[in-house]
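Below is input.cif, which holds mmCIF, C-alpha atoms.
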```cif
data_structure
loop_
_atom_site.label_atom_id
_atom_site.label_comp_id
_atom_site.auth_asym_id
_atom_site.auth_seq_id
_atom_site.Cartn_x
_atom_site.Cartn_y
_atom_site.Cartn_z
CA ASP M 1 244.66 184.38 136.34
CA ARG M 2 242.18 185.93 133.95
CA GLU M 3 244.55 188.83 133.17
CA ILE M 4 247.72 186.74 132.76
CA ASP M 5 247.51 183.54 130.73
CA ASP M 6 249.05 180.50 132.43
CA ASP M 7 250.94 179.47 129.30
CA ALA M 8 252.67 182.82 129.16
CA SER M 9 253.23 183.15 132.89
CA GLY M 10 256.90 182.22 132.58
CA THR M 11 257.58 185.12 130.21
CA VAL M 12 255.66 187.83 132.08
CA GLU M 13 257.83 190.36 133.85
CA PRO M 14 257.46 190.35 137.66
CA SER M 15 256.70 194.07 137.61
CA GLU M 16 253.83 193.48 135.18
CA ARG M 17 252.43 190.67 137.35
CA ARG M 18 252.63 192.89 140.43
CA SER M 19 250.87 195.66 138.53
CA VAL M 20 247.99 193.34 137.62
CA VAL M 21 247.60 192.15 141.23
CA TYR M 22 247.74 195.71 142.49
CA ARG M 23 245.06 196.83 140.02
CA ARG M 24 242.84 193.90 141.02
CA LEU M 25 243.09 194.89 144.69
CA LEU M 26 242.22 198.49 143.82
CA ASP M 27 239.24 197.47 141.69
CA ALA M 28 237.96 195.11 144.40
CA GLY M 29 238.11 197.84 147.02
CA TRP M 30 240.82 196.34 149.26
CA LEU M 31 243.18 199.23 148.56
CA VAL M 32 242.53 202.97 148.31
CA GLU M 33 244.77 205.22 146.26
CA ARG M 34 245.09 208.96 146.82
CA ARG M 35 247.59 211.71 146.12
CA GLU M 36 249.39 214.02 148.49
CA ARG M 37 250.58 216.79 146.23
CA TYR M 38 252.29 214.79 143.46
CA VAL M 39 253.05 211.66 145.44
CA PRO M 40 250.67 208.65 145.16
CA VAL M 41 249.80 207.18 148.56
CA VAL M 42 248.18 203.78 149.02
CA ASP M 43 246.37 202.49 152.09
CA PHE M 44 243.93 199.74 153.02
CA ASP M 45 240.24 200.47 152.85
CA PRO M 46 239.12 200.93 156.52
CA ASP M 47 236.65 198.01 156.39
CA ALA M 48 239.14 195.82 154.53
CA ARG M 49 241.74 196.51 157.21
CA LEU M 50 239.41 195.09 159.89
CA VAL M 51 238.90 191.93 157.84
CA ILE M 52 242.64 191.50 157.22
CA GLU M 53 243.50 191.99 160.89
CA GLU M 54 240.94 189.35 161.89
CA LEU M 55 242.22 186.91 159.27
CA ALA M 56 245.79 187.52 160.45
CA ARG M 57 244.73 186.81 164.04
CA LEU M 58 243.19 183.50 162.95
CA ASP M 59 246.28 182.63 160.90
CA ARG M 60 248.50 183.20 163.95
CA GLY M 61 246.30 180.78 165.90
CA GLU M 62 245.54 183.25 168.67
CA THR M 63 243.11 181.89 171.25
CA ARG M 64 240.62 183.73 173.41
CA SER M 65 241.54 183.82 177.08
CA TYR M 66 238.50 183.08 179.24
CA GLY M 67 240.13 184.60 182.29
CA GLY M 68 241.13 187.71 180.36
CA ALA M 69 237.65 188.11 178.89
CA VAL M 70 235.86 187.81 182.25
CA LEU M 71 238.34 190.12 183.99
CA GLU M 72 237.91 192.62 181.18
CA VAL M 73 234.16 192.72 181.83
CA LEU M 74 234.62 193.03 185.59
CA GLY M 75 237.32 195.70 185.35
CA SER M 76 235.34 197.86 182.92
CA LEU M 77 232.16 197.49 184.96
CA GLU M 78 233.87 198.40 188.23
CA SER M 79 235.45 201.43 186.57
CA ALA M 80 232.08 202.63 185.23
CA VAL M 81 230.29 202.18 188.57
CA ALA M 82 233.10 203.80 190.59
CA ASN M 83 233.25 206.89 188.36
CA PRO M 84 230.06 207.01 186.27
CA ALA M 85 230.37 210.69 185.36
CA GLU M 86 233.74 210.22 183.64
CA ARG M 87 233.84 206.52 182.71
CA SER M 88 230.54 205.85 180.94
CA GLU M 89 232.51 204.47 177.99
CA ALA M 90 233.72 201.68 180.29
CA LEU M 91 230.15 200.34 180.55
CA VAL M 92 229.89 200.18 176.75
CA ASN M 93 233.18 198.24 176.67
CA ALA M 94 231.99 195.88 179.43
CA ALA M 95 228.83 195.02 177.49
CA LYS M 96 230.85 194.48 174.31
CA SER M 97 233.32 192.21 176.12
CA ALA M 98 230.45 190.22 177.65
CA ARG M 99 228.92 189.63 174.20
CA THR M 100 232.31 188.55 172.81
CA PHE M 101 232.83 186.16 175.71
CA LEU M 102 229.40 184.56 175.26
CA SER M 103 230.02 184.19 171.53
CA HIS M 104 233.31 182.40 172.21
CA LEU M 105 231.67 180.07 174.71
CA ARG M 106 228.96 179.20 172.19
CA SER M 107 231.64 178.63 169.55
CA LEU M 108 233.42 176.19 171.86
CA ALA M 109 230.30 174.03 172.20
CA GLY M 110 229.68 174.19 168.44
CA SER M 111 233.29 173.30 167.59
CA MET M 112 233.24 170.37 169.99
CA ARG M 113 229.99 169.05 168.47
CA LYS M 114 231.52 169.39 165.01
CA SER M 115 234.55 167.37 166.12
CA GLU M 116 232.25 164.78 167.67
CA GLU M 117 230.29 164.33 164.44
CA ARG M 118 233.49 163.98 162.43
CA ILE M 119 234.87 161.33 164.82
CA LEU M 120 231.63 159.33 164.90
CA ARG M 121 231.33 159.37 161.08
CA GLU M 122 234.80 157.87 160.73
CA GLU M 123 234.52 154.16 159.87
CA ASP M 124 238.15 153.30 160.56
CA ARG M 125 238.61 153.01 164.32
CA GLY M 126 242.30 153.85 164.22
CA THR M 127 241.56 157.10 162.42
CA ALA M 128 238.71 157.84 164.82
CA PHE M 129 240.99 157.44 167.83
CA ARG M 130 243.62 159.63 166.21
CA LEU M 131 241.03 162.34 165.54
CA TYR M 132 239.78 162.06 169.12
CA PHE M 133 243.20 162.61 170.69
CA GLU M 134 244.73 164.99 168.15
CA GLU M 135 241.70 167.17 167.44
CA PHE M 136 239.22 166.83 170.29
CA VAL M 137 241.50 166.32 173.30
CA ALA M 138 244.44 168.47 172.23
CA ARG M 139 242.45 171.26 170.63
CA HIS M 140 239.45 171.57 172.95
CA LEU M 141 239.66 169.41 176.05
CA VAL M 142 243.15 170.29 177.23
CA SER M 143 242.87 174.02 176.53
CA ASP M 144 239.36 175.47 176.64
CA TYR M 145 237.49 172.83 178.64
CA ARG M 146 240.22 172.43 181.26
CA THR M 147 240.32 176.19 181.75
CA LEU M 148 236.64 176.16 182.69
CA HIS M 149 237.14 173.54 185.40
CA THR M 150 240.37 174.47 187.17
CA ARG M 151 240.34 175.67 190.77
CA LEU M 152 241.21 179.19 189.59
CA ASN M 153 238.72 179.15 186.72
CA PRO M 154 237.58 182.54 185.38
CA PHE M 155 234.03 182.10 186.65
CA ARG M 156 235.12 182.94 190.17
CA PHE M 157 234.67 186.56 189.03
CA ARG M 158 231.12 185.87 187.88
CA SER M 159 229.47 186.85 191.20
CA GLY M 160 231.39 190.14 191.22
CA ILE M 161 230.09 191.02 187.76
CA VAL M 162 226.50 190.18 188.70
CA ARG M 163 226.82 192.15 191.93
CA GLU M 164 228.23 195.28 190.26
CA ALA M 165 225.68 195.26 187.41
CA GLY M 166 222.77 194.72 189.83
CA ARG M 167 223.98 197.49 192.13
CA ALA M 168 224.19 199.95 189.24
CA LEU M 169 220.69 199.04 188.01
CA ARG M 170 219.22 199.70 191.47
CA ASP M 171 220.95 203.07 191.93
CA PRO M 172 219.16 205.91 190.09
CA LEU M 173 222.06 208.33 190.68
CA THR M 174 224.53 205.96 189.02
CA LEU M 175 222.15 205.37 186.12
CA ARG M 176 221.71 209.10 185.62
CA ALA M 177 225.45 209.81 185.78
CA LEU M 178 226.17 207.09 183.22
CA ALA M 179 223.38 208.40 180.99
CA ASP M 180 224.77 211.94 181.25
CA GLY M 181 228.12 210.59 180.11
CA ASN M 182 226.53 208.88 177.10
CA LEU M 183 224.77 212.12 176.19
CA ARG M 184 227.89 214.23 176.66
CA GLU M 185 229.95 211.90 174.47
CA ALA M 186 227.27 211.95 171.75
CA ARG M 187 226.32 208.28 171.99
CA ALA M 188 222.63 209.18 172.39
CA ALA M 189 220.35 211.88 171.02
CA ASP M 190 218.65 212.74 174.33
CA ILE M 191 218.71 211.80 178.00
CA THR M 192 215.87 209.27 177.60
CA ALA M 193 217.76 207.38 174.91
CA ALA M 194 220.96 207.63 176.96
CA GLU M 195 219.30 206.07 180.03
CA ARG M 196 217.80 203.35 177.87
CA MET M 197 221.28 202.52 176.53
CA VAL M 198 222.69 202.28 180.06
CA ARG M 199 219.90 199.98 181.24
CA THR M 200 220.20 197.82 178.13
CA ASP M 201 223.95 197.34 178.63
CA LEU M 202 223.57 196.49 182.33
CA VAL M 203 220.68 194.08 181.75
CA GLU M 204 222.61 192.37 178.94
CA ILE M 205 225.67 191.88 181.16
CA LEU M 206 223.46 190.48 183.93
CA SER M 207 221.60 188.10 181.63
CA ILE M 208 224.82 186.77 180.09
CA PHE M 209 226.58 185.99 183.37
CA GLU M 210 223.47 184.77 185.17
CA GLY M 211 222.64 182.49 182.24
CA LEU M 212 226.02 180.82 181.64
CA ASP M 213 225.07 177.43 183.14
CA PRO M 214 223.17 176.08 180.10
CA HIS M 215 226.15 176.86 177.86
CA LEU M 216 228.58 175.19 180.27
CA ASP M 217 226.26 172.18 180.53
CA ALA M 218 226.14 171.89 176.72
CA VAL M 219 229.95 171.71 176.60
CA ALA M 220 230.05 169.15 179.43
CA ASP M 221 227.42 166.99 177.68
CA VAL M 222 229.52 166.75 174.52
CA VAL M 223 232.62 165.78 176.52
CA ALA M 224 230.78 163.09 178.54
CA ARG M 225 228.99 161.67 175.48
CA LEU M 226 232.14 161.34 173.40
CA GLU M 227 234.17 159.90 176.28
CA ARG M 228 231.53 157.17 176.71
CA ARG M 229 231.70 156.34 173.00
CA ILE M 230 235.49 156.16 173.02
CA SER M 231 235.55 154.03 176.19
CA ALA M 232 233.04 151.59 174.70
CA ALA M 233 235.05 151.33 171.48
CA LEU M 234 238.25 150.67 173.42
CA ARG M 235 236.70 147.73 175.25
CA TYR M 236 236.17 145.90 171.95
CA ARG M 237 239.61 146.54 170.46
CA ASP M 238 242.40 144.04 170.35
CA PRO M 239 244.76 144.73 173.31
CA ARG M 240 247.76 144.91 170.97
CA ASP M 241 246.08 147.72 169.01
#
```

Could you show the structure in this file as structure tokens?
Amino acid sequence: DREIDDDASGTVEPSERRSVVYRRLLDAGWLVERRERYVPVVDFDPDARLVIEELARLDRGETRSYGGAVLEVLGSLESAVANPAERSEALVNAAKSARTFLSHLRSLAGSMRKSEERILREEDRGTAFRLYFEEFVARHLVSDYRTLHTRLNPFRFRSGIVREAGRALRDPLTLRALADGNLREARAADITAAERMVRTDLVEILSIFEGLDPHLDAVADVVARLERRISAALRYRDPRD
């Protein structure tokens, strides 16, 4: 908008407008221009590409699968423990997946509290009820919260993850093989640092899946609290409404 005046926007050639936008993206670092022989080649900056892919994922409305996340941790951990000499990278992936899963669980509680505050601030009861059913129930309760409380909920794999991580921590041969893999694949400078990385990843996985209950309780508290408020409000409404 600074480069092309609004009053003259109707007379500016489309090619000129595209050129301005393109130059802005280059100057801001989103695009990188290079030449292969005499041909100009344009690509996204590597960091910008990561941001764009994440924004595109959010725009598509993709949701995080709890079952998929927990199984991903268990599968990677079992692979690393079964073949530590060749699959040390699987332990790194398991720890990363565990951190991502915990972050999503925390985000669920935070999003539900945010919806709760918005509903309770609403003075018009009709609007509050609409927000409750359209935003809270449809967005959180029916999808995420229900997933955590079904008979086949993803936490049935929790004991397997804790068992595998604990077994690896107690086995010096497994620890050493995983550390050797880290060293061989240049993820650590020496064997001491490599072993420290292995222990850190295993302890982190253990602490996350042994400490899930407070996070689940926080989600359940929000649901129970808001349901009580809605039930109380319904008792004082006109039956026709």

- Message: Quick check, in Å to one decimal: how far apart do CA of Gly126 in chain M and CA of Ala218 in chain M lie?
- Response: 27.3 Å

- Surrounding residues of range 153-163 of chain M excluding itself and chain neighbours under 5 positions, 12 Å, all atoms listed in the file, as a PyMOL selection string: chain M and resi 65-79+81+91+94-95+98+101+144-148+168-170+202-213+216

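Take CA of Ser115 in chain M and CA of Glu135 in chain M: the distance between them is 7.3 Å.
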
- Message: Please determine, counting only C-alpha atoms, which residue among M:Ile119, M:Leu50, M:Leu175, M:Ala188 has the shortest atom-to-atom distance to Ile230 in chain M.
- Response: M:Ile119

- Atomic separation - CA of Ser97 in chain M relative to CA of Arg57 in chain M, Å: 17.5 Å

- Written as a ChimeraX atom specification, what is the full residue list that the PyMOL selection byres ((chain M and resi 223) around 10) yields on the file shown? /M:109,112-113,116,136-137,140-141,145,217-222,224-228

- Message: Applying 12 Å and only C-alpha atoms, which residues near Leu173 in chain M remain after dropping the ones on its own chain fewer than 6 positions away? List them as a ChimeraX atom specification.
- Response: /M:81-85,167,179-180,195

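Among the candidates M:Glu134, M:Leu31, M:Leu120, M:Ala232, the residue lying nearest to Pro46 in chain M is M:Leu31 (atoms considered: only C-alpha atoms).
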
- Query: Once the PyMOL selection byres ((chain M and resi 125) around 12) has been applied to the shown file, what residues remain in the selection, as a list in words?
  - Reply: Ile119, Leu120, Arg121, Glu122, Glu123, Asp124, Gly126, Thr127, Ala128, Phe129, Arg130, Leu131, Tyr132, Arg229, Ile230, Ala232, Ala233, Leu234, Tyr236, Arg237, Asp238 and Asp241 of chain M

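When the PyMOL selection byres ((chain M and resi 45) around 8) is evaluated against the file, it yields Gly29, Trp30, Leu31, Val32, Asp43, Phe44, Pro46, Asp47, Ala48 and Arg49 of chain M.
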
Starting from the incomplete input, reconstruct N, CA and C atoms of range 96-118 of chain M and write that as a short mmCIF file (atom, residue, chain, number, x, y, z; two decimals), keeping the file's coordinate frame.
```cif
data_model
loop_
_atom_site.label_atom_id
_atom_site.label_comp_id
_atom_site.auth_asym_id
_atom_site.auth_seq_id
_atom_site.Cartn_x
_atom_site.Cartn_y
_atom_site.Cartn_z
N LYS M 96 230.26 195.05 175.53
CA LYS M 96 230.85 194.48 174.31
C LYS M 96 231.70 193.25 174.64
N SER M 97 232.50 193.33 175.71
CA SER M 97 233.32 192.21 176.12
C SER M 97 232.47 191.02 176.56
N ALA M 98 231.35 191.30 177.22
CA ALA M 98 230.45 190.22 177.65
C ALA M 98 229.87 189.50 176.44
N ARG M 99 229.47 190.25 175.41
CA ARG M 99 228.92 189.63 174.20
C ARG M 99 229.99 188.78 173.50
N THR M 100 231.22 189.30 173.45
CA THR M 100 232.31 188.55 172.81
C THR M 100 232.59 187.26 173.55
N PHE M 101 232.58 187.34 174.89
CA PHE M 101 232.83 186.16 175.71
C PHE M 101 231.76 185.10 175.49
N LEU M 102 230.49 185.52 175.47
CA LEU M 102 229.40 184.56 175.26
C LEU M 102 229.51 183.92 173.88
N SER M 103 229.87 184.72 172.88
CA SER M 103 230.02 184.19 171.53
C SER M 103 231.12 183.14 171.48
N HIS M 104 232.22 183.37 172.21
CA HIS M 104 233.31 182.40 172.21
C HIS M 104 232.88 181.12 172.92
N LEU M 105 232.13 181.26 173.99
CA LEU M 105 231.67 180.07 174.71
C LEU M 105 230.72 179.24 173.85
N ARG M 106 229.85 179.92 173.11
CA ARG M 106 228.96 179.20 172.19
C ARG M 106 229.76 178.52 171.08
N SER M 107 230.81 179.20 170.60
CA SER M 107 231.64 178.63 169.55
C SER M 107 232.35 177.38 170.03
N LEU M 108 232.75 177.37 171.31
CA LEU M 108 233.42 176.19 171.86
C LEU M 108 232.50 174.98 171.79
N ALA M 109 231.25 175.15 172.24
CA ALA M 109 230.30 174.03 172.20
C ALA M 109 230.06 173.58 170.76
N GLY M 110 229.91 174.54 169.84
CA GLY M 110 229.68 174.19 168.44
C GLY M 110 230.88 173.48 167.83
N SER M 111 232.09 173.94 168.14
CA SER M 111 233.29 173.30 167.59
C SER M 111 233.45 171.89 168.12
N MET M 112 233.12 171.70 169.41
CA MET M 112 233.24 170.37 169.99
C MET M 112 232.22 169.41 169.38
N ARG M 113 231.00 169.90 169.12
CA ARG M 113 229.99 169.05 168.47
C ARG M 113 230.42 168.69 167.05
N LYS M 114 231.05 169.65 166.37
CA LYS M 114 231.52 169.39 165.01
C LYS M 114 232.61 168.31 165.02
N SER M 115 233.52 168.40 165.99
CA SER M 115 234.55 167.37 166.12
C SER M 115 233.93 166.02 166.45
N GLU M 116 232.93 166.02 167.30
CA GLU M 116 232.25 164.78 167.67
C GLU M 116 231.63 164.11 166.45
N GLU M 117 230.93 164.89 165.63
CA GLU M 117 230.29 164.33 164.44
C GLU M 117 231.32 163.75 163.48
N ARG M 118 232.44 164.45 163.34
CA ARG M 118 233.49 163.98 162.43
C ARG M 118 234.10 162.67 162.93
#
```
